[in-house]
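K.L.:
The structure follows.
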Amino acid sequence: MSNSNPRLTRGKGLLEPLLARFRAQRANSLIPTELRHGRILDIGCGSYPYFLSHTEFEQKFAVDQLPPSDHGKRLNIQWHTLDLNSTPKLPFEDNFFNAVTLLAVVEHLNPNSMAALFTETYRVLQPGGVVIMTTPAAWSDGLLKFMARLGLVSAEEIHEHVFAYTLPLLGWYFGRGGFEMTKVNFGYFEFMLNMWAVAKK
């Protein structure tokens with residue numbers, strides 16, 4: 001029997017569909033309307049690119065270590081399978097994208113790979129383009145592990161978290177990647193459990 005509801009993350013978690021919607025809504029709210037006539041890249045989108053299927057752009061691109069699921073293959077998305085921890089280099093030319101998103105991704109990267117990826121993200125963004133990211137707040141790590149034990153969030157995803165970030169540390173990575181700090185904004189959402197950041201090139 002086929003499953004008409006695609007799995008949004010690896011593993012199971014009662015709250016995963018709700019959290020995916022919250023992330024998508026937050027990211028969409030941070031993207032300027034005028035950029036939607038161009039190209040967007042979602043890094044670490046998962047085998048089913050929920051966010052890309054719920055955002056409006058002329059052209060959509062995806063990078064993930066997993067190939068697309070059957071549901072993902074039906075979407076009009078140009079897909080690149082790549083392990084960013086081992087190869088944090090994006091297969092795109094300079095100034096190619098209007099927007100790049102990293103939603104619940106950077107916590108899975110080792111710090112060296114993350115630094116390289118931020119530099120790459122800056123490179124592939126057009127001047128005036130934006131990068132948008134979300135990640136769990138550092139203080140929520142223990143709570144997320146507890147929620148995973150209760151089956152509320154995906155244990156597979158939580159157990160693969162490599163590093164937890166604070167807003168100042170995220171700012172440091174943006175600066176190392178080439179972004180001007182006057183063009184970076186931060187905030188919290190999902191009851192302060194998660195952080196968002198948006199940086200303009």
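All residue names refer to the structure tokens as shown: chains lettered A, B, ... in order, residues numbered from 1 in each chain, ligands numbered from 1 in order.
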Considering only C-alpha atoms, give me a table of residues in segment 176-197 of chain A that are at most 12 Å from segment 138-149 of chain A, with the closest atom pair and distance in Å for each, as a tab-separated table.

P.N.:
```
residue	atom	partner	partner_atom	distance
A:Tyr188	CA	A:Ala138	CA	11.7
A:Glu190	CA	A:Ser140	CA	11.1
A:Phe191	CA	A:Ser140	CA	10.4
A:Met192	CA	A:Ser140	CA	8.5
A:Leu193	CA	A:Ser140	CA	5.7
A:Asn194	CA	A:Ser140	CA	7.9
A:Met195	CA	A:Ala138	CA	9.3
```

K.L.:
DSSP says helix (DSSP H, G or I) for which residues of segment 8-113 of chain A? Put them as an MDAnalysis selection string?

P.N.:
chainID A and resid 16:30 33:37 52:54 70:73 106:108 111:113

K.L.:
Among chain A, which ones does DSSP place in strand (DSSP E), written as an MDAnalysis selection string?

P.N.:
chainID A and resid 39:43 59:64 78:81 97:103 125:136 184:189 194:200

K.L.:
Listing only residues of segment 103-151 of chain A within 10 Å of segment 86-95 of chain A, what is the closest atom pair and its distance in Å (to one decimal) for each, using only C-alpha atoms, sorted by chain and residue number ascending, as a Markdown table?

P.N.:
```
| residue | atom | partner | partner_atom | distance |
| --- | --- | --- | --- | --- |
| A:Leu109 | CA | A:Pro88 | CA | 9.5 |
| A:Asn110 | CA | A:Ser86 | CA | 9.5 |
| A:Asn112 | CA | A:Pro88 | CA | 9.1 |
| A:Ser113 | CA | A:Pro88 | CA | 5.7 |
| A:Met114 | CA | A:Pro88 | CA | 7.6 |
| A:Ala115 | CA | A:Pro88 | CA | 8.9 |
| A:Ala116 | CA | A:Pro88 | CA | 6.0 |
| A:Leu117 | CA | A:Pro88 | CA | 5.3 |
| A:Phe118 | CA | A:Pro88 | CA | 9.1 |
| A:Thr119 | CA | A:Lys89 | CA | 9.1 |
| A:Glu120 | CA | A:Lys89 | CA | 6.3 |
| A:Thr121 | CA | A:Leu90 | CA | 7.8 |
| A:Tyr122 | CA | A:Asn95 | CA | 8.4 |
| A:Arg123 | CA | A:Asp94 | CA | 5.4 |
| A:Val124 | CA | A:Asp94 | CA | 4.5 |
| A:Leu125 | CA | A:Asn95 | CA | 4.6 |
| A:Gln126 | CA | A:Asn95 | CA | 4.0 |
| A:Pro127 | CA | A:Asn95 | CA | 7.0 |
| A:Gly128 | CA | A:Asn95 | CA | 9.9 |
| A:Gly129 | CA | A:Asn95 | CA | 8.8 |
```

K.L.:
Taking only C-alpha atoms into account, name the residue in A:Phe189, A:Phe61, A:Phe163, A:Phe174 that is nearest to Val130 of chain A.

P.N.:
A:Phe174

K.L.:
Under the rule of at most 12 Å, produce a per-residue listing of segment 85-153 of chain A near segment 44-47 of chain A: chain, number, name, the closest pair of atoms, and the distance in Å, as a Markdown table, using only C-alpha atoms.

P.N.:
```
| residue | atom | partner | partner_atom | distance |
| --- | --- | --- | --- | --- |
| A:Asn85 | CA | A:Gly44 | CA | 11.0 |
| A:Pro88 | CA | A:Gly44 | CA | 11.7 |
| A:Leu90 | CA | A:Gly44 | CA | 11.9 |
| A:Val100 | CA | A:Gly44 | CA | 10.8 |
| A:Thr101 | CA | A:Gly44 | CA | 8.7 |
| A:Leu102 | CA | A:Gly44 | CA | 6.5 |
| A:Leu103 | CA | A:Gly44 | CA | 7.3 |
| A:Ala104 | CA | A:Gly44 | CA | 8.0 |
| A:Val105 | CA | A:Gly44 | CA | 5.8 |
| A:Val106 | CA | A:Gly44 | CA | 8.8 |
| A:Glu107 | CA | A:Gly44 | CA | 11.0 |
| A:His108 | CA | A:Gly44 | CA | 9.4 |
| A:Leu109 | CA | A:Gly44 | CA | 10.3 |
| A:Leu117 | CA | A:Gly44 | CA | 11.6 |
| A:Met133 | CA | A:Gly44 | CA | 10.8 |
| A:Thr134 | CA | A:Gly44 | CA | 11.6 |
```

K.L.:
Residues near segment 14-30 of chain A, anyone? I mean within 6 Å using only C-alpha atoms, not counting same-chain ones fewer than 6 positions away, as a PyMOL selection string.

P.N.:
chain A and resi 51+152-153

K.L.:
Provide the atom CA of His161 of chain A to atom CA of His54 of chain A distance in Å, to one decimal place.

P.N.:
25.2 Å

K.L.:
For Asp70 of chain A, find every residue with an atom within 10 Å (counting only C-alpha atoms), except residues of its own chain fewer than 3 positions away, and show them as a list in words.

P.N.:
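That gives Pro6, Ser47, Tyr48, Pro67, Lys73, Arg74 and Leu75 of chain A.
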
K.L.:
Please dump the current selection as a tab-separated table (two decimals), in the first residue's frame; keep C-alpha atoms.

P.N.:
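Wrote it out as out37.tsv, contents follow:
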```
chain	number	residue	atom	x	y	z
A	6	PRO	CA	5.53	11.91	2.33
A	47	SER	CA	14.59	13.45	0.44
A	48	TYR	CA	11.21	15.20	0.33
A	67	PRO	CA	18.47	11.34	-3.42
A	73	LYS	CA	10.97	13.41	-8.01
A	74	ARG	CA	7.53	14.64	-9.05
A	75	LEU	CA	8.40	18.23	-8.20
```

K.L.:
Have a look at atom CA of Ala199 of chain A and atom CA of Tyr165 of chain A and let me know their distance in Å, one decimal.

P.N.:
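For atom CA of Ala199 of chain A relative to atom CA of Tyr165 of chain A, the distance reads 16.5 Å.
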
K.L.:
Tell me, in Å to one decimal, how far atom CA of Leu84 of chain A is from atom CA of Leu169 of chain A.

P.N.:
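It comes out at 20.0 Å.
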